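Asker: This is the structure, below, for whatever I ask next.
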Amino acid sequence: MSETTLADKAAALDAADELAKRRELFALEGSVVYLDGNSLGALPRHVPDRLADVVTREWGELRIRSWEESGWWTAPERIGERIAPLVGAASGQVVVGDSTSVNVFKAVVAAVRMAPDDREEILVDATTFPTDGYIAQSAARLTGRRLVPVDPAELPAALGPRTAVVLLNHVDYRTGRLHDLPALTAAVHEAGALAVWDLCHSAGALPVGLDEHGVDLAVGCTYKYLNGGPGSPAYLYVAERHQDRFDSPLPGWNSHADPFAMAAGFAAADGAVRGRVGTPDILSMLALEAALDVWDGVPVEAVRAKSLALTDFFLECVEAYVPQGRVTSLTPVAHAERGSQVALSCPEAPAVMEELIARGVVGDLRRPDVLRFGFTPLYVGFADTERAARTLADVLAEVPAPQIG
């Protein structure tokens with residue numbers, strides 16, 4: 001298909017896009033094509049005014065009164081309630097706070113504590129984001145368990161009577177591969193173990209279905225597809241059936257049943273609140289709360305449909321524009337196996353991404369040779385997608401191909 005024809009197709013797809021108007025909610029003026037929302041989501045344009053009010057009025061004028069009068073104290077649960085529908089969780093199971101790493105630690109250790117003593121293995125996604133692996137290793141040392149890295153495709157065969165907990169990523173951060181959460185969770189349960197899922201690259205991009213599929217514990221960040229801002233607090237999901245047994249390895253005063261009693265002994269709060277630790281990071285938390293307004297009235301299913309259409313179209317444009325053999329897609333073609341990013345292997349990836357960014361197409365690089373392009377359906381359009389592929393082809397035409405032999 002010719003460049004003109006693909007550009008025309010993009011225009012038609014944008015005109016029919018039910019989510020196209022959502023782009024106006026983000027600070028995305030100018031000609032930059034932003035395809036890095038899988039690392040840091042764009043700024044919702046109303047967030048600065050909300051933060052200014054938090055700083056000037058709630059902190060500056062009300063000061064300590066804001067813990068009650070402005071709802072600061074209950075923010076972790078209140079914001080968790082807003083995230084819950086985006087990950088398929090009923091009320092009372094999601095609490096916001098701390099980083100993803102801290103929540104992974106809480107979830108894995110708490111899950112091990114729920115398992116029988118003779119279950120001595122923690123299985124971890126061998127392709128995981130490094131921090132998850134580091135945390136899982138630390139959790140294994142702390143609990144006296146053995147860590148076993150396993151490729152998700154080989155997980156069912158690795159499960160057995162020694163398995164206590166399995167920590168998996170819903171979407172592979174390098175390739176964009178979507179792992180089969182329902183089937184893998186069922187396999188973990190059939191083996192008598194608990195499933196902990198990392199949703200960093202799926203929440204806000206596709207339906208997750210935590211309750212529907214019986215997930216035990218889950219964690220995720222909020223600064224990618226949820227657009228909460230750099231370093232915005234993560235969240236922890238504790239299935240209701242496990243809450244009375246959730247024994248956090250970080251029992252802070254915020255997770256105490258009566259935090260202001262200042263008692264020497266710890267008594268855990270009821271529900272997901274026991275996933276809290278210390279004083280909430282109010283400024284970033286309330287920025288996240290405001291950012292979640294962009295989701296009002298948006299079905300996750302519509303986001304998923306557009307995500308697949310965008311990534312399909314990008315792969316179509318890359319095939320049409322980029323000379324054969326210059327890039328190889330690492331992202332599965334099958335929709336059931338694809339998240340919301342496209343990863344292209346390219347020997348000249350560092351130089352190519354640097355030049356793409358210079359020309360206004362912002363993706364990111366995973367060394368040594370992966371170009372990552374994240375498609376955030378709330379603000380990425382089809383014309384953006386066509387331009388990105390066309391610019392990639394232009395850059396590759398100027399970057400010498402590697403010599404073979």
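Within each chain, counting starts at residue 1; across the structure tokens, chains are named A, B, ... in the order shown, with ligands numbered 1 upward in that order.
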For Ala302 in chain A, find every residue with an atom within 9 Å (counting only C-alpha atoms), except residues of its own chain fewer than 3 positions away, and show them as a list in words.
Answerer: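 Counting only the stated atoms, we get Glu18, Leu19, Leu206, Val298, Pro299, Ala305, Lys306, Ser307 and Pro377 of chain A.
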Asker: Quick one: residues within 9 Å of Ser91 in chain A, only C-alpha atoms, excluding same-chain residues fewer than 6 positions away - as a list of chain:residue names?
Answerer: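 That gives A:Gly80, A:Glu81, A:Ala84, A:Pro85.
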Asker: Could you take the residues named above and write them with C-alpha atoms, as a tab-separated table (two decimals), in the first residue's frame?
Answerer:
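This went into again_22.tsv:
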chain	number	residue	atom	x	y	z
A	80	GLY	CA	-7.71	2.31	44.92
A	81	GLU	CA	-11.47	2.24	44.36
A	84	ALA	CA	-10.20	-1.26	40.77
A	85	PRO	CA	-12.59	-1.22	37.75
Asker: Show me, as a tab-separated table (two decimals) with N, CA and C atoms, in the first residue's frame, the residues that have an atom within 12 Å of Asp14 in chain A when counting only C-alpha atoms, minus same-chain residues fewer than 4 positions from it.
Answerer:
chain	number	residue	atom	x	y	z
A	7	ALA	N	-1.75	7.01	4.56
A	7	ALA	CA	-2.10	8.27	5.23
A	7	ALA	C	-3.61	8.50	5.16
A	8	ASP	N	-4.22	8.17	4.01
A	8	ASP	CA	-5.67	8.30	3.87
A	8	ASP	C	-6.39	7.33	4.81
A	9	LYS	N	-5.85	6.12	4.90
A	9	LYS	CA	-6.44	5.13	5.81
A	9	LYS	C	-6.37	5.63	7.25
A	10	ALA	N	-5.24	6.22	7.62
A	10	ALA	CA	-5.09	6.75	8.98
A	10	ALA	C	-6.12	7.83	9.25
A	18	GLU	N	-13.82	6.50	18.37
A	18	GLU	CA	-14.67	7.00	19.45
A	18	GLU	C	-13.87	7.58	20.60
A	19	LEU	N	-12.57	7.27	20.68
A	19	LEU	CA	-11.72	7.80	21.75
A	19	LEU	C	-10.90	9.02	21.32
A	20	ALA	N	-11.03	9.44	20.08
A	20	ALA	CA	-10.16	10.51	19.55
A	20	ALA	C	-10.23	11.79	20.36
A	21	LYS	N	-11.43	12.14	20.84
A	21	LYS	CA	-11.59	13.40	21.59
A	21	LYS	C	-10.85	13.37	22.93
A	23	ARG	N	-7.86	12.82	23.46
A	23	ARG	CA	-6.54	13.44	23.31
A	23	ARG	C	-6.54	14.88	23.82
A	306	LYS	N	-9.01	-0.28	20.45
A	306	LYS	CA	-8.19	0.71	19.75
A	306	LYS	C	-6.72	0.35	19.84
A	309	ALA	N	-6.02	-2.12	17.21
A	309	ALA	CA	-6.09	-1.49	15.89
A	309	ALA	C	-4.85	-0.64	15.63
A	310	LEU	N	-4.39	0.10	16.65
A	310	LEU	CA	-3.19	0.92	16.48
A	310	LEU	C	-1.95	0.07	16.21
A	313	PHE	N	-2.07	-1.47	12.79
A	313	PHE	CA	-1.80	-0.48	11.75
A	313	PHE	C	-0.32	-0.11	11.72
A	377	PRO	N	-4.00	4.34	23.92
A	377	PRO	CA	-5.18	4.66	23.10
A	377	PRO	C	-5.89	5.95	23.46
A	379	TYR	N	-4.63	8.83	23.86
A	379	TYR	CA	-4.10	10.03	23.19
A	379	TYR	C	-3.27	9.76	21.93
A	380	VAL	N	-3.04	8.53	21.56
A	380	VAL	CA	-2.33	8.24	20.31
A	380	VAL	C	-3.36	7.97	19.21
A	381	GLY	N	-3.13	8.59	18.06
A	381	GLY	CA	-4.04	8.41	16.93
A	381	GLY	C	-3.39	7.63	15.80
A	382	PHE	N	-4.18	7.37	14.76
A	382	PHE	CA	-3.69	6.59	13.63
A	382	PHE	C	-2.76	7.40	12.74
A	383	ALA	N	-2.99	8.72	12.64
A	383	ALA	CA	-2.06	9.55	11.88
A	383	ALA	C	-0.70	9.59	12.58
A	384	ASP	N	-0.70	9.62	13.91
A	384	ASP	CA	0.55	9.53	14.68
A	384	ASP	C	1.28	8.24	14.32
A	385	THR	N	0.52	7.18	14.26
A	385	THR	CA	1.08	5.85	14.01
A	385	THR	C	1.71	5.77	12.62
A	386	GLU	N	1.00	6.28	11.63
A	386	GLU	CA	1.53	6.28	10.25
A	386	GLU	C	2.78	7.13	10.16
Asker: Distance CA of Leu25 in chain A-CA of Asp49 in chain A, one decimal place?
Answerer: 13.3 Å
Asker: What does the distance between CA of Ile357 in chain A and CA of Cys200 in chain A come to in Å, to one decimal place?
Answerer: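 Those two atoms sit 23.9 Å apart.
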Asker: From the list A:Leu371, A:Val95, A:Ala89, A:Ala287, which residue is nearest Pro230 in chain A when using only C-alpha atoms?
Answerer: A:Ala287
